[in-house]
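Data block below; observations after.
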Amino acid sequence: MDEELRRWRDLTDLDPDTLSPRRLDWSRKPEAFKRYPDRPRVPLPRPGVLRTPRVDLWDVLARRRSRREFTGEPIRLETLAALLWACQGVTARQGPCLLRTAPSAGALYPFETYVSVQAVEGLDPCLAHFDVAGFALEILEQGHHGRRIALAALAQGFLDRAAAVLVWTAVYPRAAWKYRERALRYLGLDLGHVCQNLALAAEAFGLGCCPVAAFFDREMNQVLGVDGEEEFAYYLAAVGPLPSPRERIEG
Ligand SMILES: Cc1cc2nc3c(=O)[nH]c(=O)nc-3n(C[C@H](O)[C@H](O)[C@H](O)COP(=O)(O)O)c2cc1C
């Protein structure tokens, strides 16, 4: 193993001190969510009222593939809502914690979800932030951001043709408060769970989904308007209708 990698592995090894709850400074616990209260909000259809496909889990697991041949056709707003719920829907409360559809180390959820809305019925193309607690989109900037996202992601053109691109940022201090350097490992694991939920939900709807981690950090951070220090782009995924005659469950 290369020396740099060994250093990274050792730096992020578990420190027994980290495990002691007494070590934690609760007065410095970072906010659990990011909010954009001054931005226009689009409430999303609540999970109870969402029409979701009745599918067999084993069938969906067997069918899932990374699919990139998006047609550019739109999806419904309620489908986008269901996909976001699959990623980060609140399913229970535990004290002040809002537990979600995907697990997260220490229930800290040290990430945020941004959505490049590109072809969604009833919603103009825009860049939005997903408000987990309020189950709403907060519109950050109007306009189709697909091309900028594709360029930041090594010109992967399918990102521009997707109906929506979900971009997850890491909010490092939210996890480092408890786990210090080990947080860097947990972040990737947390987001792996989130993205797999999205992939399975998209498959259930008969939509394509492709995870993407090949992108230039600086350019992607600029698209999102995040500082690249405390919050930085970590992972993304494109979703949208496919041209193939696969059964379309969405309608
Ligand atoms: C962490 C991660 C990063 C990935 N990054 C990209 C990417 O940048 N571009 C892309 O087209 N596919 C990307 N993929 C998709 C993989 O290429 C794909 O999962 C792999 O070829 C296996 O195919 P399958 O997902 O259809 O089973 C990524 C997958 C993962 C898990």
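Ordering of the structure tokens sets the chain letters (A, B, ...), residue numbers begin anew at 1 in every chain, and ligands are numbered from 1 in the order given.
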Need the shell around segment 228-244 of chain A: protein/DNA/RNA residues with any atom at most 8 Å away, counting only C-alpha atoms. Skip same-chain ones fewer than 4 positions apart. Format as a ChimeraX atom specification? /A:69-75,158-159,162-173,188,191,195,202,206-213,217-218,220-221
May I have the selected residues written with C-alpha atoms, as a tab-separated table (two decimals), in the first residue's frame?
chain	number	residue	atom	x	y	z
A	69	GLU	CA	-29.88	6.30	-21.99
A	70	PHE	CA	-32.30	8.96	-20.82
A	71	THR	CA	-34.88	10.22	-23.31
A	72	GLY	CA	-35.25	13.68	-21.78
A	73	GLU	CA	-38.97	13.01	-21.13
A	74	PRO	CA	-40.37	14.38	-17.89
A	75	ILE	CA	-41.31	12.58	-14.72
A	158	PHE	CA	-26.38	11.66	-19.82
A	159	LEU	CA	-26.56	13.90	-16.74
A	162	ALA	CA	-31.83	13.06	-17.08
A	163	ALA	CA	-35.17	14.23	-15.70
A	164	ALA	CA	-33.45	15.03	-12.41
A	165	VAL	CA	-29.99	14.78	-10.93
A	166	LEU	CA	-29.66	14.36	-7.18
A	167	VAL	CA	-26.41	15.72	-5.80
A	168	TRP	CA	-25.39	14.85	-2.27
A	169	THR	CA	-22.95	17.00	-0.35
A	170	ALA	CA	-21.03	15.93	2.73
A	171	VAL	CA	-21.46	18.23	5.71
A	172	TYR	CA	-18.29	17.09	7.38
A	173	PRO	CA	-18.54	18.91	10.78
A	188	GLY	CA	-19.27	7.45	1.98
A	191	LEU	CA	-24.40	7.92	1.02
A	195	CYS	CA	-28.05	6.07	-3.39
A	202	ALA	CA	-36.18	4.29	-9.64
A	206	GLY	CA	-39.37	1.65	-14.41
A	207	LEU	CA	-37.02	4.65	-14.55
A	208	GLY	CA	-33.30	4.65	-15.25
A	209	CYS	CA	-30.81	5.61	-12.58
A	210	CYS	CA	-27.04	5.95	-12.65
A	211	PRO	CA	-24.77	6.83	-9.73
A	212	VAL	CA	-21.89	9.17	-10.53
A	213	ALA	CA	-18.79	9.87	-8.46
A	217	ASP	CA	-15.00	18.74	-6.73
A	218	ARG	CA	-14.39	22.45	-7.24
A	220	MET	CA	-19.45	20.73	-8.67
A	221	ASN	CA	-19.20	22.78	-5.47
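Counting from atom CA of Glu181 of chain A, the distance to atom CA of Asp13 of chain A is 8.0 Å.
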Name the residues of segment 133-230 of chain A that come out as alpha helix (DSSP H) in a backbone DSSP run; write them as a PyMOL selection string. chain A and resi 146-152+158-161+172-179+183-204+217-224
Test item: residues at most 10 Å from Leu50 of chain A, only C-alpha atoms, excluding those fewer than 5 positions along its chain, as number ranges by chain: A: 44-45, 78-79, 81-82, 85
Segment 5-234 of chain A: residues DSSP assigns to strand (DSSP E), reported as number ranges by chain: A: 41-43, 90-94, 97-100, 111-117, 126-131, 136-142, 164-171, 208-212, 231-234
Could you produce a table of the residues of segment 124-236 of chain A lying within 12 Å of segment 6-10 of chain A, with the nearest pair of atoms per residue and their separation in Å rounded to one decimal, using only C-alpha atoms, ordered by chain and increasing residue number, as a tab-separated table?
residue	atom	partner	partner_atom	distance
A:Glu181	CA	A:Trp8	CA	9.2
A:Arg182	CA	A:Arg9	CA	9.3
A:Leu184	CA	A:Trp8	CA	9.9
A:Arg185	CA	A:Arg9	CA	9.4
What does the file look like for those residues with C-alpha atoms, as a tab-separated table (two decimals), in the first residue's frame?
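This went into again-v5.tsv:
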chain	number	residue	atom	x	y	z
A	181	GLU	CA	-11.43	11.79	11.04
A	182	ARG	CA	-13.33	8.51	10.92
A	184	LEU	CA	-14.70	10.59	6.29
A	185	ARG	CA	-15.25	6.84	6.01
Atom pair atom CA of Pro47 of chain A + atom CA of Leu200 of chain A, distance 16.8 Å
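Nearest residue to Val115 of chain A among A:Pro37, A:Gly95, A:Pro30, A:Gly146 is A:Gly146, counting only C-alpha atoms.
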Using only C-alpha atoms, which of A:Thr101, A:Gln222, A:Thr91, A:Thr52 sits nearest Arg76 of chain A? A:Thr52
Would you please work out which residue, of A:Ile149, A:Ala175, A:Leu198, A:Ala183, is nearest to Phe216 of chain A when using only C-alpha atoms? A:Ile149
Could you please determine the separation between atom CA of Leu189 of chain A and atom CA of Ala214 of chain A in Å, to one decimal place? 16.8 Å
Using only C-alpha atoms and all ligand atoms for the distances, tell me which of A:Leu154, A:Ala201, A:Leu24, A:Leu99 is nearest to ligand 1. A:Leu154
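The neighbours of Cys97 of chain A here are the residues that come within 10 Å of it, using only C-alpha atoms and leaving out any residue fewer than 4 positions away in the same chain; they are Ala32, Val90, Ala92, Arg93, Gly106, Ala107, Leu108 and Tyr109 of chain A.
Shortest separation to Arg65 of chain A among A:Val117, A:Val132, A:Val194, A:Ala199 occurs at residue A:Ala199, atoms counted being only C-alpha atoms.
The list of residues with at least one atom within 8 Å of Asn197 of chain A, based on only C-alpha atoms and without residues fewer than 6 positions apart in the same chain, reads Ala86, Cys87 and Ala102 of chain A.
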With all heavy atoms retained, export the selected residues as a tab-separated table (two decimals), in the first residue's frame.
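Written file, out_24.tsv:
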chain	number	residue	atom	x	y	z
A	86	ALA	N	-37.70	7.88	-0.81
A	86	ALA	CA	-36.91	6.64	-0.75
A	86	ALA	C	-35.49	6.93	-0.24
A	86	ALA	O	-34.91	6.14	0.50
A	86	ALA	CB	-36.86	5.98	-2.13
A	87	CYS	N	-34.96	8.07	-0.64
A	87	CYS	CA	-33.59	8.43	-0.23
A	87	CYS	C	-33.52	8.86	1.23
A	87	CYS	O	-32.62	8.47	1.96
A	87	CYS	CB	-33.07	9.60	-1.07
A	87	CYS	SG	-32.79	9.20	-2.77
A	102	ALA	N	-32.92	5.42	5.09
A	102	ALA	CA	-31.57	4.84	4.97
A	102	ALA	C	-30.83	5.02	6.30
A	102	ALA	O	-31.01	6.05	6.97
A	102	ALA	CB	-30.79	5.54	3.86
Skip Gly122 of chain A itself and residues of its chain fewer than 2 positions away, then list as a PyMOL selection string all residues within 8 Å of it, counting only C-alpha atoms. chain A and resi 76-77+120+124
Based on the selection just made, write C-alpha atoms of those residues as a PDB file, in the first residue's frame.
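Full text of result19.pdb as output:
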ATOM      1  CA  ARG A  76     -44.143  13.639 -12.435  1.00  0.00           C
ATOM      2  CA  LEU A  77     -43.574  15.787  -9.384  1.00  0.00           C
ATOM      3  CA  VAL A 120     -40.396  17.416 -13.986  1.00  0.00           C
ATOM      4  CA  ASP A 124     -39.689  24.752 -14.091  1.00  0.00           C
TER       5      ASP A 124
END
Considering only C-alpha atoms, return as a VMD selection string whatever protein or nucleic-acid residues lie within 7 Å of Leu137 of chain A, sequence-local ones (same chain, fewer than 6 positions apart) excluded. chain A and resid 41 to 43 128 to 131
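If you measure from each of A:Tyr114, A:Tyr36, A:Phe215, A:Tyr186 to ligand 1 using only C-alpha atoms and all ligand atoms, the closest one turns out to be A:Phe215.
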